[in-house]
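Asker: Sharing data_18.cif (mmCIF, C-alpha atoms) below.
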data_target
loop_
_atom_site.label_atom_id
_atom_site.label_comp_id
_atom_site.auth_asym_id
_atom_site.auth_seq_id
_atom_site.Cartn_x
_atom_site.Cartn_y
_atom_site.Cartn_z
CA MET Q 1 39.37 16.92 -18.23
CA LYS Q 2 39.48 13.39 -19.56
CA ILE Q 3 38.29 10.68 -17.17
CA ASP Q 4 40.52 7.62 -16.87
CA ALA Q 5 37.72 5.05 -16.60
CA PRO Q 6 39.79 2.05 -15.40
CA ASP Q 7 41.48 4.23 -12.79
CA THR Q 8 38.07 5.62 -11.73
CA ALA Q 9 36.70 2.15 -10.98
CA ARG Q 10 39.91 0.99 -9.35
CA ARG Q 11 40.19 3.99 -7.02
CA ALA Q 12 36.51 3.85 -6.08
CA LEU Q 13 36.64 0.14 -5.25
CA ILE Q 14 39.84 0.54 -3.23
CA ARG Q 15 38.28 3.37 -1.20
CA TYR Q 16 35.17 1.23 -0.68
CA ALA Q 17 37.30 -1.66 0.58
CA GLU Q 18 39.19 0.69 2.90
CA ILE Q 19 35.97 2.07 4.42
CA LEU Q 20 34.46 -1.41 4.73
CA GLY Q 21 37.60 -2.78 6.37
CA ALA Q 22 38.13 0.17 8.73
CA LEU Q 23 34.53 0.22 10.01
CA SER Q 24 34.51 -3.55 10.47
CA LEU Q 25 37.85 -3.43 12.29
CA VAL Q 26 36.54 -0.79 14.71
CA ALA Q 27 33.50 -2.94 15.47
CA TRP Q 28 35.51 -6.11 16.04
CA ILE Q 29 38.20 -4.42 18.17
CA ARG Q 30 35.55 -2.76 20.30
CA VAL Q 31 33.85 -6.11 20.97
CA LEU Q 32 37.16 -7.88 21.70
CA VAL Q 33 38.36 -5.19 24.11
CA PHE Q 34 35.14 -4.50 25.98
CA GLY Q 35 33.64 -7.98 25.81
CA TYR Q 36 36.61 -10.31 26.14
CA VAL Q 37 39.34 -8.26 27.80
CA LEU Q 38 37.27 -6.07 30.13
CA HIS Q 39 34.49 -8.73 30.38
CA GLN Q 40 31.66 -6.25 29.99
CA PRO Q 41 28.13 -7.67 29.49
CA TYR Q 42 25.71 -7.02 26.63
CA PRO Q 43 25.64 -4.71 24.70
CA TYR Q 44 29.43 -4.40 24.94
CA ASN Q 45 30.33 -8.03 24.22
CA THR Q 46 28.80 -8.19 20.70
CA PHE Q 47 27.65 -5.97 17.85
CA LEU Q 48 24.81 -8.43 17.22
CA PHE Q 49 21.63 -8.92 19.24
CA ILE Q 50 21.43 -10.26 22.80
CA PRO Q 51 23.49 -13.52 22.84
CA ASP Q 52 20.93 -15.28 25.05
CA ALA Q 53 18.30 -14.70 22.33
CA ARG Q 54 20.36 -16.09 19.44
CA PHE Q 55 18.29 -17.75 16.68
CA SER Q 56 15.09 -16.98 18.58
CA ASP Q 57 13.27 -15.55 15.53
CA PHE Q 58 13.29 -19.17 14.35
CA THR Q 59 13.26 -21.28 17.50
CA ILE Q 60 10.50 -19.27 19.18
CA TYR Q 61 7.96 -21.10 16.98
CA TYR Q 62 9.23 -24.66 17.41
CA SER Q 63 6.48 -25.80 19.75
CA ARG Q 64 3.73 -24.42 17.50
CA PHE Q 65 4.89 -26.26 14.41
CA ARG Q 66 5.91 -29.52 16.02
CA ASN Q 67 2.39 -29.84 17.41
CA PHE Q 68 0.64 -28.66 14.26
CA GLY Q 69 -1.98 -31.05 12.94
CA GLY Q 70 -4.00 -28.71 10.75
CA GLY Q 71 -6.35 -25.94 11.75
CA SER Q 72 -5.81 -22.40 12.91
CA GLY Q 73 -6.01 -23.47 16.56
CA VAL Q 74 -2.22 -23.55 16.48
CA PHE Q 75 -2.32 -19.75 16.66
CA SER Q 76 -3.97 -19.82 20.07
CA ALA Q 77 -1.19 -21.94 21.58
CA PRO Q 78 0.88 -20.30 24.35
CA GLY Q 79 4.00 -18.36 23.42
CA HIS Q 80 4.98 -15.57 21.08
CA PRO Q 81 2.27 -14.93 18.46
CA PHE Q 82 3.00 -15.90 14.88
CA THR Q 83 3.53 -12.52 13.19
CA TYR Q 84 4.15 -13.35 9.51
CA PRO Q 85 1.96 -13.88 6.41
CA ALA Q 86 0.63 -17.35 5.62
CA PRO Q 87 3.38 -18.52 3.18
CA CYS Q 88 5.96 -17.97 5.95
CA PHE Q 89 3.87 -20.29 8.12
CA ILE Q 90 4.20 -23.00 5.45
CA ALA Q 91 7.96 -22.40 5.14
CA TYR Q 92 8.45 -22.80 8.91
CA LEU Q 93 6.12 -25.81 8.97
CA LEU Q 94 8.03 -27.64 6.23
CA LEU Q 95 11.40 -26.99 7.83
CA VAL Q 96 10.26 -28.14 11.27
CA LYS Q 97 8.32 -31.19 10.06
CA LEU Q 98 10.79 -32.44 7.44
CA PHE Q 99 14.11 -32.05 9.25
CA ALA Q 100 15.42 -33.16 12.63
CA HIS Q 101 17.52 -30.00 12.82
CA PRO Q 102 15.46 -27.37 10.94
CA LEU Q 103 17.48 -24.37 12.10
CA ALA Q 104 20.74 -25.90 10.89
CA VAL Q 105 19.15 -26.69 7.53
CA TYR Q 106 17.83 -23.17 7.16
CA LEU Q 107 21.15 -21.54 8.07
CA CYS Q 108 23.00 -23.80 5.63
CA VAL Q 109 20.56 -22.93 2.83
CA VAL Q 110 21.18 -19.22 3.38
CA LEU Q 111 24.97 -19.66 3.56
CA VAL Q 112 24.99 -21.69 0.34
CA ALA Q 113 22.85 -19.06 -1.38
CA VAL Q 114 25.24 -16.30 -0.27
CA ALA Q 115 28.25 -18.26 -1.52
CA LEU Q 116 26.59 -18.98 -4.87
CA GLY Q 117 25.53 -15.35 -5.20
CA ALA Q 118 29.10 -14.18 -4.56
CA LEU Q 119 30.40 -16.70 -7.11
CA VAL Q 120 27.89 -15.55 -9.75
CA LEU Q 121 28.88 -11.93 -9.12
CA TYR Q 122 32.60 -12.73 -9.35
CA ARG Q 123 32.18 -14.61 -12.62
CA ALA Q 124 29.95 -11.88 -14.07
CA THR Q 125 32.50 -9.17 -13.35
CA VAL Q 126 35.61 -11.09 -14.38
CA SER Q 127 33.99 -12.42 -17.57
CA ALA Q 128 33.03 -8.83 -18.42
CA GLY Q 129 36.68 -7.83 -18.39
CA GLY Q 130 37.24 -7.07 -14.72
CA SER Q 131 40.61 -7.64 -13.10
CA ALA Q 132 40.45 -10.76 -10.94
CA GLY Q 133 43.18 -9.26 -8.77
CA LEU Q 134 40.84 -6.42 -7.79
CA ILE Q 135 37.36 -7.93 -8.08
CA ALA Q 136 38.02 -11.13 -6.13
CA PRO Q 137 39.20 -9.36 -2.94
CA VAL Q 138 36.30 -6.87 -3.08
CA VAL Q 139 33.67 -9.60 -3.47
CA ALA Q 140 35.31 -11.89 -0.91
CA MET Q 141 35.81 -9.10 1.61
CA THR Q 142 32.21 -7.95 1.24
CA ALA Q 143 30.91 -11.49 1.71
CA LEU Q 144 33.10 -12.25 4.73
CA LEU Q 145 32.38 -8.94 6.49
CA ALA Q 146 28.67 -9.00 5.66
CA TYR Q 147 27.10 -7.69 8.86
CA PRO Q 148 23.50 -7.86 7.47
CA PHE Q 149 23.91 -11.58 6.81
CA MET Q 150 25.59 -12.07 10.18
CA PHE Q 151 22.60 -10.43 11.81
CA LEU Q 152 20.12 -12.45 9.74
CA LEU Q 153 21.84 -15.71 10.71
CA ASP Q 154 22.19 -14.65 14.34
CA ARG Q 155 18.46 -13.99 14.53
CA GLY Q 156 17.52 -17.02 12.42
CA ASN Q 157 14.99 -14.82 10.66
CA ILE Q 158 13.04 -16.30 7.74
CA GLU Q 159 13.86 -13.19 5.65
CA GLY Q 160 16.65 -15.27 4.13
CA LEU Q 161 14.16 -17.32 2.11
CA ALA Q 162 12.49 -14.19 0.73
CA TRP Q 163 15.94 -12.84 -0.19
CA ILE Q 164 16.79 -16.04 -2.06
CA LEU Q 165 13.56 -15.74 -4.06
CA VAL Q 166 14.31 -12.10 -4.90
CA LEU Q 167 17.90 -12.94 -5.88
CA ALA Q 168 16.64 -15.65 -8.23
CA GLY Q 169 13.98 -13.25 -9.53
CA LEU Q 170 16.56 -10.55 -10.26
CA LEU Q 171 18.77 -13.01 -12.15
CA ALA Q 172 15.72 -14.07 -14.18
CA PHE Q 173 14.84 -10.41 -14.81
CA ILE Q 174 18.36 -9.69 -16.09
CA ARG Q 175 17.99 -12.66 -18.45
CA GLU Q 176 14.65 -11.18 -19.60
CA LYS Q 177 12.61 -14.07 -18.21
CA HIS Q 178 10.02 -11.63 -16.98
CA LEU Q 179 7.23 -14.02 -16.04
CA LEU Q 180 9.57 -16.13 -13.94
CA ALA Q 181 11.09 -13.02 -12.38
CA GLY Q 182 7.71 -11.54 -11.55
CA SER Q 183 6.47 -14.83 -10.11
CA LEU Q 184 9.50 -15.13 -7.83
CA PHE Q 185 9.08 -11.51 -6.70
CA ALA Q 186 5.40 -12.16 -6.03
CA VAL Q 187 6.07 -15.25 -3.90
CA ALA Q 188 8.64 -13.27 -1.91
CA ALA Q 189 6.02 -10.54 -1.47
CA ALA Q 190 3.51 -13.13 -0.27
CA MET Q 191 6.03 -14.11 2.40
CA LYS Q 192 7.24 -10.68 3.55
CA ILE Q 193 4.95 -8.13 1.80
CA VAL Q 194 7.47 -5.36 1.00
CA PRO Q 195 9.47 -7.36 -1.63
CA GLY Q 196 6.41 -6.67 -3.78
CA LEU Q 197 8.15 -3.41 -4.68
CA PHE Q 198 10.41 -5.43 -7.01
CA LEU Q 199 7.35 -6.00 -9.23
CA LEU Q 200 7.63 -2.34 -10.21
CA LEU Q 201 10.69 -3.31 -12.26
CA LEU Q 202 8.31 -4.88 -14.78
CA ILE Q 203 6.60 -1.56 -15.51
CA PRO Q 204 9.50 0.16 -17.40
CA LYS Q 205 9.75 -3.01 -19.52
CA ARG Q 206 6.01 -2.72 -20.30
CA ARG Q 207 5.53 -6.26 -19.07
CA TYR Q 208 1.98 -5.68 -17.90
CA LYS Q 209 0.72 -9.19 -18.67
CA GLU Q 210 3.58 -10.68 -16.70
CA LEU Q 211 2.82 -8.25 -13.86
CA VAL Q 212 -0.81 -9.40 -13.72
CA ALA Q 213 0.23 -13.06 -13.97
CA ALA Q 214 2.84 -12.64 -11.22
CA THR Q 215 0.33 -10.94 -8.95
CA THR Q 216 -2.01 -13.88 -9.55
CA VAL Q 217 0.76 -16.26 -8.55
CA GLY Q 218 1.33 -14.34 -5.32
CA VAL Q 219 -2.37 -14.38 -4.49
CA GLY Q 220 -2.55 -18.08 -5.35
CA VAL Q 221 0.37 -18.92 -3.06
CA THR Q 222 -1.28 -17.01 -0.22
CA LEU Q 223 -4.65 -18.72 -0.70
CA ALA Q 224 -3.03 -22.14 -0.97
CA SER Q 225 -1.08 -21.47 2.24
CA LEU Q 226 -4.25 -20.43 4.06
CA ALA Q 227 -6.00 -23.58 2.82
CA VAL Q 228 -3.19 -25.76 4.21
CA ILE Q 229 -3.35 -23.98 7.56
CA GLY Q 230 -7.12 -24.47 7.71
CA PRO Q 231 -9.64 -25.40 8.83
CA SER Q 232 -10.91 -22.91 6.25
CA ILE Q 233 -9.29 -20.09 4.28
CA GLY Q 234 -11.39 -17.53 6.14
CA GLN Q 235 -10.51 -18.81 9.60
CA ALA Q 236 -6.84 -19.11 8.75
CA ASN Q 237 -6.83 -15.60 7.31
CA ARG Q 238 -8.34 -14.19 10.50
CA ALA Q 239 -5.70 -15.98 12.57
CA ILE Q 240 -2.89 -14.63 10.36
CA ALA Q 241 -4.40 -11.11 10.51
CA ALA Q 242 -4.49 -11.33 14.30
CA GLY Q 243 -0.79 -12.20 14.31
CA LEU Q 244 0.05 -9.26 12.07
CA ASN Q 245 -1.93 -6.99 14.36
CA ALA Q 246 0.01 -8.39 17.31
CA PHE Q 247 3.22 -7.43 15.48
CA ARG Q 248 1.92 -3.87 15.23
CA GLU Q 249 1.09 -3.75 18.92
CA ILE Q 250 4.39 -5.28 20.04
CA TYR Q 251 6.90 -3.70 17.68
CA VAL Q 252 5.38 -0.70 15.89
CA VAL Q 253 3.58 1.39 18.51
CA HIS Q 254 6.09 0.78 21.28
CA TYR Q 255 9.62 2.10 21.70
CA ARG Q 256 11.89 -0.87 22.39
CA PRO Q 257 15.31 0.37 23.59
CA PHE Q 258 17.10 -2.96 23.17
CA GLU Q 259 16.00 -3.23 19.53
CA ILE Q 260 15.86 0.34 18.22
CA GLY Q 261 19.60 0.30 17.44
CA PHE Q 262 18.96 -2.52 14.97
CA ASP Q 263 16.03 -0.76 13.28
CA HIS Q 264 17.09 1.35 10.28
CA SER Q 265 13.58 2.35 9.20
CA LEU Q 266 12.61 6.00 8.87
CA PHE Q 267 9.90 5.34 11.44
CA GLY Q 268 12.53 3.94 13.80
CA PHE Q 269 14.53 7.13 13.24
CA ILE Q 270 11.47 9.15 14.29
CA LYS Q 271 11.01 6.94 17.36
CA GLN Q 272 14.62 7.49 18.36
CA VAL Q 273 14.38 11.26 17.92
CA LEU Q 274 11.24 11.36 20.06
CA ALA Q 275 12.87 9.24 22.76
CA LEU Q 276 16.03 11.33 22.85
CA ALA Q 277 14.05 14.57 22.84
CA THR Q 278 11.55 13.65 25.57
CA ARG Q 279 13.65 11.24 27.66
CA ASP Q 280 10.28 9.64 28.48
CA ILE Q 281 9.58 6.25 26.88
CA ALA Q 282 6.05 6.09 28.30
CA LEU Q 283 5.26 9.42 26.65
CA VAL Q 284 6.70 8.21 23.33
CA ASP Q 285 4.50 5.09 23.50
CA ARG Q 286 1.44 7.27 24.00
CA MET Q 287 2.38 9.40 21.00
CA LEU Q 288 3.16 6.58 18.59
CA PRO Q 289 -0.39 5.51 17.55
CA SER Q 290 -0.98 9.03 16.20
CA VAL Q 291 2.49 9.23 14.67
CA VAL Q 292 1.85 5.92 12.89
CA LEU Q 293 -1.15 7.40 11.06
CA VAL Q 294 0.69 10.54 9.98
CA TYR Q 295 3.78 8.58 8.95
CA GLY Q 296 1.76 6.06 6.93
CA ALA Q 297 -0.02 8.79 4.98
CA ALA Q 298 3.18 10.81 4.43
CA VAL Q 299 5.17 7.80 3.23
CA SER Q 300 2.42 6.60 0.89
CA ILE Q 301 2.02 10.03 -0.71
CA GLY Q 302 5.75 10.80 -0.68
CA PHE Q 303 6.96 7.54 -2.20
CA GLY Q 304 4.10 7.40 -4.68
CA SER Q 305 4.88 10.92 -5.89
CA LEU Q 306 8.62 10.28 -6.02
CA TYR Q 307 8.09 7.09 -8.01
CA LEU Q 308 5.72 8.66 -10.53
CA LEU Q 309 7.63 11.91 -10.97
CA ARG Q 310 11.22 10.70 -10.80
CA ILE Q 311 12.11 7.08 -10.06
CA ARG Q 312 10.23 5.44 -12.96
CA LYS Q 313 12.08 7.68 -15.45
CA LEU Q 314 15.55 6.68 -14.23
CA PRO Q 315 17.78 3.91 -15.61
CA LEU Q 316 16.83 0.50 -14.20
CA LEU Q 317 19.88 0.22 -11.95
CA ASN Q 318 18.90 3.54 -10.36
CA GLN Q 319 15.36 2.23 -9.98
CA LEU Q 320 16.65 -0.93 -8.35
CA PHE Q 321 18.62 1.09 -5.79
CA ALA Q 322 15.63 3.35 -5.10
CA LEU Q 323 13.17 0.46 -4.73
CA VAL Q 324 15.49 -1.47 -2.40
CA ILE Q 325 16.03 1.62 -0.24
CA ALA Q 326 12.26 2.12 -0.07
CA LEU Q 327 11.82 -1.55 0.85
CA ILE Q 328 14.29 -1.37 3.74
CA THR Q 329 13.50 2.11 5.12
CA LEU Q 330 9.80 2.85 4.63
CA PRO Q 331 8.15 0.04 6.66
CA TYR Q 332 7.27 0.85 10.26
CA VAL Q 333 9.95 -1.61 11.40
CA ALA Q 334 13.02 -2.66 9.41
CA TYR Q 335 15.53 -4.67 11.41
CA ASP Q 336 19.05 -5.07 10.08
CA TYR Q 337 18.47 -8.47 8.45
CA THR Q 338 16.44 -6.65 5.76
CA LEU Q 339 19.66 -4.92 4.68
CA VAL Q 340 20.56 -8.10 2.78
CA TYR Q 341 18.47 -6.77 -0.12
CA LEU Q 342 21.00 -3.97 -0.68
CA TYR Q 343 23.56 -6.51 -1.87
CA LEU Q 344 21.45 -6.94 -5.04
CA PRO Q 345 21.86 -3.41 -6.48
CA TRP Q 346 25.40 -3.28 -5.05
CA GLY Q 347 26.31 -6.36 -7.08
CA CYS Q 348 24.74 -4.87 -10.21
CA LEU Q 349 26.73 -1.68 -9.58
CA LEU Q 350 29.94 -3.70 -9.47
CA VAL Q 351 29.09 -5.25 -12.84
CA PHE Q 352 28.21 -1.77 -14.16
CA LEU Q 353 31.63 -0.41 -13.16
CA VAL Q 354 33.44 -3.29 -14.85
CA ARG Q 355 31.21 -3.74 -17.87
CA ASP Q 356 30.26 -0.15 -18.70
CA VAL Q 357 32.45 2.40 -16.93
CA ILE Q 358 35.85 0.82 -17.58
CA PRO Q 359 35.21 0.26 -21.35
CA GLY Q 360 33.91 3.85 -21.58
CA ARG Q 361 30.27 3.06 -22.44
CA ALA Q 362 29.19 5.05 -19.39
CA ARG Q 363 30.93 8.03 -17.83
CA MET Q 364 31.44 8.18 -14.09
CA THR Q 365 33.95 9.86 -11.81
CA ALA Q 366 35.48 8.20 -8.78
CA ARG Q 367 33.54 10.63 -6.57
CA GLN Q 368 30.26 9.62 -8.19
CA ALA Q 369 31.07 5.94 -7.77
CA LEU Q 370 31.90 6.53 -4.10
CA ALA Q 371 28.56 8.29 -3.66
CA PHE Q 372 27.11 4.79 -4.06
CA LEU Q 373 29.88 2.65 -2.63
CA ALA Q 374 30.64 4.59 0.57
CA PRO Q 375 27.06 4.47 1.95
CA CYS Q 376 26.95 0.77 1.07
CA ALA Q 377 30.14 0.23 3.08
CA VAL Q 378 28.52 1.93 6.09
CA VAL Q 379 25.36 -0.15 5.77
CA PHE Q 380 27.29 -3.40 5.32
CA THR Q 381 29.15 -2.92 8.64
CA PRO Q 382 27.96 -2.76 12.29
CA GLN Q 383 27.24 0.53 14.02
CA SER Q 384 25.25 -1.01 16.88
CA TYR Q 385 28.20 -0.33 19.20
CA LEU Q 386 27.38 3.41 18.97
CA ILE Q 387 25.69 3.73 22.35
CA LEU Q 388 24.01 6.58 24.23
CA PHE Q 389 22.69 6.60 27.78
CA PRO Q 390 19.33 8.46 27.88
CA PRO Q 391 17.93 7.29 30.39
CA GLU Q 392 19.19 3.75 29.74
CA VAL Q 393 21.74 2.19 27.39
CA VAL Q 394 20.52 2.55 23.80
CA SER Q 395 22.24 2.11 20.45
CA VAL Q 396 21.85 4.62 17.61
CA GLY Q 397 23.47 2.33 15.03
CA GLY Q 398 20.22 1.79 13.15
CA GLN Q 399 19.72 5.53 12.81
CA VAL Q 400 23.25 5.98 11.44
CA LYS Q 401 22.31 3.44 8.79
CA THR Q 402 19.11 5.38 8.04
CA VAL Q 403 21.19 8.47 7.26
CA ALA Q 404 23.55 6.45 5.05
CA LEU Q 405 20.58 5.00 3.16
CA MET Q 406 19.13 8.48 2.58
CA VAL Q 407 22.49 9.59 1.16
CA LEU Q 408 22.40 6.53 -1.08
CA LEU Q 409 18.87 7.38 -2.21
CA TRP Q 410 20.00 10.89 -3.13
CA SER Q 411 22.79 9.36 -5.24
CA ALA Q 412 20.36 6.95 -6.93
CA ILE Q 413 18.05 9.81 -7.87
CA HIS Q 414 20.74 12.20 -9.12
CA ILE Q 415 23.53 10.09 -10.68
CA PRO Q 416 22.34 8.06 -13.72
CA LEU Q 417 23.61 4.48 -14.13
CA PRO Q 418 22.66 3.34 -17.66
CA SER Q 419 23.79 -0.26 -17.57
CA SER Q 420 24.24 -2.95 -20.19
CA ILE Q 421 23.17 -5.51 -17.59
CA PHE Q 422 19.64 -4.14 -18.11
CA GLY Q 423 20.06 -3.59 -21.85
CA GLU Q 424 20.40 0.20 -21.65
CA THR Q 425 23.84 0.39 -23.28
CA ASP Q 426 25.48 -1.76 -25.92
CA ALA Q 427 27.55 -4.47 -24.24
CA LYS Q 428 29.48 -5.34 -27.37
CA GLU Q 429 33.13 -4.35 -27.65
#
As structure tokens, how would this structure be written, given the file I've shared?
Answerer:
Amino acid sequence: MKIDAPDTARRALIRYAEILGALSLVAWIRVLVFGYVLHQPYPYNTFLFIPDARFSDFTIYYSRFRNFGGGSGVFSAPGHPFTYPAPCFIAYLLLVKLFAHPLAVYLCVVLVAVALGALVLYRATVSAGGSAGLIAPVVAMTALLAYPFMFLLDRGNIEGLAWILVLAGLLAFIREKHLLAGSLFAVAAAMKIVPGLFLLLLIPKRRYKELVAATTVGVGVTLASLAVIGPSIGQANRAIAAGLNAFREIYVVHYRPFEIGFDHSLFGFIKQVLALATRDIALVDRMLPSVVLVYGAAVSIGFGSLYLLRIRKLPLLNQLFALVIALITLPYVAYDYTLVYLYLPWGCLLVFLVRDVIPGRARMTARQALAFLAPCAVVFTPQSYLILFPPEVVSVGGQVKTVALMVLLWSAIHIPLPSSIFGETDAKE
């Protein structure tokens, strides 16, 4: 049977918009009814995190940075430990020291980056022959109902800066500026570690020199950040390492019922299963140190094998999906602000549909397109209102997202997406 390519893309995007709109509407109506008509407290009055803790991922460090005068003694100050790599320390420090209202500046930077990213995507699809009457509503609707960005802004998490670097790196990669792309990926990795997976995109292009150079840039940024923190690189590194270890103790090896619904990692899924099965949080906490070791080994072997045997042989758009899913599901903790990275392969998929599927350079059915778009619609919308009561109120929204992401990974591994955006098909008419 002949595939009507324009109709395939149109039907798939309409179904995506319907799913995105319906799931968002359910979340908003639920909050309005329970929170503002019935006046129920958290977690019924929002699908975001605790309102009293808004922006606290950012503001929790104000006192540290406002009093910083050089030297790692800042890490011993009272309050929540600093739990990020050294370049994040410098990012926070610059924002707090340079601006009277650092949070407002940071939020505006992220919002501007999102708007510019949406504009670039819209222009890329329309200039490639897409119908503005269809593409514009899809891009606008996705941007306006973007739960991952809402959550990132609500928390004030610095992940937004790493996302901006990766977005710029991906645009450079598409334009075949591989050294620039790799360097941007490496700086993002220096800030948040797991964006280093994007460096694997250089391997299919055989850009080994650029990979080495980018890695050097990432190491250089880290060393320079440690030197600024002082009083010596070694002392600063020990202070940063202590903070990262504190993160493990606080967030990884403890079950946190108020946060687990916003954690879409595979490890979070395991935590939730253990908690629901045992109904004993103290028992789960005692089990987790051992589970961490098994999980770490299994994930390292599993992802390494999958990459070597399958992922690296796929078209680059498939690889991008697979790497992003690994980035946002394999860490021990992956709160919903990390979902912003999924907008990058989603945007490339939109260009693929317009630039390759509609002109007939690539074959794809509406069902195959929805195998990518439907899980994205689930991930881009809140499910934190899905609440259970064992033995206390707990959301399973993060675990619903984990399942959606695994479905998306299956699609990325089994449905090839040879795209002209990565030079794998001829873009000429």
Asker: Might you spell out which residues the PyMOL selection byres ((chain Q and resi 180) around 10) would select in the displayed file, as a list in words?
Answerer: Ala168, Gly169, Leu170, Leu171, Ala172, Phe173, Glu176, Lys177, His178, Leu179, Ala181, Gly182, Ser183, Leu184, Phe185, Ala186, Glu210, Ala213 and Ala214 of chain Q
Asker: Between Q:Val31, Q:Ile90, Q:Ile421, Q:Ala124, which is the closest to Q:Pro315 once you count all atoms listed in the file?
Answerer: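 Ranked by minimum distance to Q:Pro315, first place goes to Q:Ile421.
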Asker: Which is closer to Q:Val105 than all the others in Q:Ala297, Q:Ala118, Q:Leu153, Q:Val379, using all atoms listed in the file?
Answerer: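 Residue with the minimum atom-to-atom distance to Q:Val105: Q:Leu153.
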Asker: Which of these residues is nearest to Q:Leu144, using all atoms listed in the file: Q:Ala188, Q:Val299, Q:Ser24, Q:Ser395?
Answerer: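 Comparing Q:Ala188, Q:Val299, Q:Ser24, Q:Ser395 against Q:Leu144, the winner is Q:Ser24.
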Asker: Which residues, named as in the file, does the PyMOL selection byres ((chain Q and resi 244) around 8) pick out? Answer as a ChimeraX atom specification.
Answerer: /Q:82-85,240-243,245-248
Asker: For the selection just defined, write its residues with C-alpha atoms to a file, as a PDB file, in the frame of the given file.
Answerer:
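Written output follows (part-v1.pdb):
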ATOM      1  CA  PHE Q  82       3.000 -15.900  14.880  1.00  0.00           C
ATOM      2  CA  THR Q  83       3.530 -12.520  13.190  1.00  0.00           C
ATOM      3  CA  TYR Q  84       4.150 -13.350   9.510  1.00  0.00           C
ATOM      4  CA  PRO Q  85       1.960 -13.880   6.410  1.00  0.00           C
ATOM      5  CA  ILE Q 240      -2.890 -14.630  10.360  1.00  0.00           C
ATOM      6  CA  ALA Q 241      -4.400 -11.110  10.510  1.00  0.00           C
ATOM      7  CA  ALA Q 242      -4.490 -11.330  14.300  1.00  0.00           C
ATOM      8  CA  GLY Q 243      -0.790 -12.200  14.310  1.00  0.00           C
ATOM      9  CA  ASN Q 245      -1.930  -6.990  14.360  1.00  0.00           C
ATOM     10  CA  ALA Q 246       0.010  -8.390  17.310  1.00  0.00           C
ATOM     11  CA  PHE Q 247       3.220  -7.430  15.480  1.00  0.00           C
ATOM     12  CA  ARG Q 248       1.920  -3.870  15.230  1.00  0.00           C
TER      13      ARG Q 248
END
Asker: Please provide the set of residues having any atom within 7 Å of Q:Phe149, restricted to all atoms listed in the file, with same-chain residues fewer than 3 positions apart removed, written as a PyMOL selection string.
Answerer: chain Q and resi 146+152-153+337+340
Asker: Mind writing the picked residues with C-alpha atoms as an mmCIF file, keeping the file's coordinate frame?
Answerer:
data_model
loop_
_atom_site.group_PDB
_atom_site.id
_atom_site.type_symbol
_atom_site.label_atom_id
_atom_site.label_comp_id
_atom_site.auth_asym_id
_atom_site.auth_seq_id
_atom_site.Cartn_x
_atom_site.Cartn_y
_atom_site.Cartn_z
ATOM 1 C CA ALA Q 146 28.670 -9.000 5.660
ATOM 2 C CA LEU Q 152 20.120 -12.450 9.740
ATOM 3 C CA LEU Q 153 21.840 -15.710 10.710
ATOM 4 C CA TYR Q 337 18.470 -8.470 8.450
ATOM 5 C CA VAL Q 340 20.560 -8.100 2.780
#
Asker: Just say which residues the PyMOL selection byres ((chain Q and resi 40-57) around 9) picks in this file, as a VMD selection string.
Answerer: chain Q and resid 27 to 28 30 to 39 58 to 61 103 147 150 to 158 258 to 259 262 382 to 385 387 393 to 395
Asker: Just to be explicit: take each residue in the selection above, keep C-alpha atoms, and write the result as a CSV table (one decimal), keeping the file's coordinate frame.
Answerer:
chain,number,residue,atom,x,y,z
Q,27,ALA,CA,33.5,-2.9,15.5
Q,28,TRP,CA,35.5,-6.1,16.0
Q,30,ARG,CA,35.6,-2.8,20.3
Q,31,VAL,CA,33.8,-6.1,21.0
Q,32,LEU,CA,37.2,-7.9,21.7
Q,33,VAL,CA,38.4,-5.2,24.1
Q,34,PHE,CA,35.1,-4.5,26.0
Q,35,GLY,CA,33.6,-8.0,25.8
Q,36,TYR,CA,36.6,-10.3,26.1
Q,37,VAL,CA,39.3,-8.3,27.8
Q,38,LEU,CA,37.3,-6.1,30.1
Q,39,HIS,CA,34.5,-8.7,30.4
Q,58,PHE,CA,13.3,-19.2,14.4
Q,59,THR,CA,13.3,-21.3,17.5
Q,60,ILE,CA,10.5,-19.3,19.2
Q,61,TYR,CA,8.0,-21.1,17.0
Q,103,LEU,CA,17.5,-24.4,12.1
Q,147,TYR,CA,27.1,-7.7,8.9
Q,150,MET,CA,25.6,-12.1,10.2
Q,151,PHE,CA,22.6,-10.4,11.8
Q,152,LEU,CA,20.1,-12.4,9.7
Q,153,LEU,CA,21.8,-15.7,10.7
Q,154,ASP,CA,22.2,-14.6,14.3
Q,155,ARG,CA,18.5,-14.0,14.5
Q,156,GLY,CA,17.5,-17.0,12.4
Q,157,ASN,CA,15.0,-14.8,10.7
Q,158,ILE,CA,13.0,-16.3,7.7
Q,258,PHE,CA,17.1,-3.0,23.2
Q,259,GLU,CA,16.0,-3.2,19.5
Q,262,PHE,CA,19.0,-2.5,15.0
Q,382,PRO,CA,28.0,-2.8,12.3
Q,383,GLN,CA,27.2,0.5,14.0
Q,384,SER,CA,25.2,-1.0,16.9
Q,385,TYR,CA,28.2,-0.3,19.2
Q,387,ILE,CA,25.7,3.7,22.4
Q,393,VAL,CA,21.7,2.2,27.4
Q,394,VAL,CA,20.5,2.6,23.8
Q,395,SER,CA,22.2,2.1,20.4
Asker: Pick out the closest residue to Q:Leu327 from this set: Q:Arg361, Q:Leu197, Q:Ala366, Q:Leu13. Count only C-alpha atoms.
Answerer: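 For Q:Leu327, the nearest of the candidates is Q:Leu197.
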Asker: So that I can see what lies close to Q:Tyr295, please list as a PyMOL selection string the residues with an atom at most 10 Å from it, counting all atoms listed in the file and leaving out residues fewer than 6 positions away in the same chain.
Answerer: chain Q and resi 266-267+270+288+301+330-332
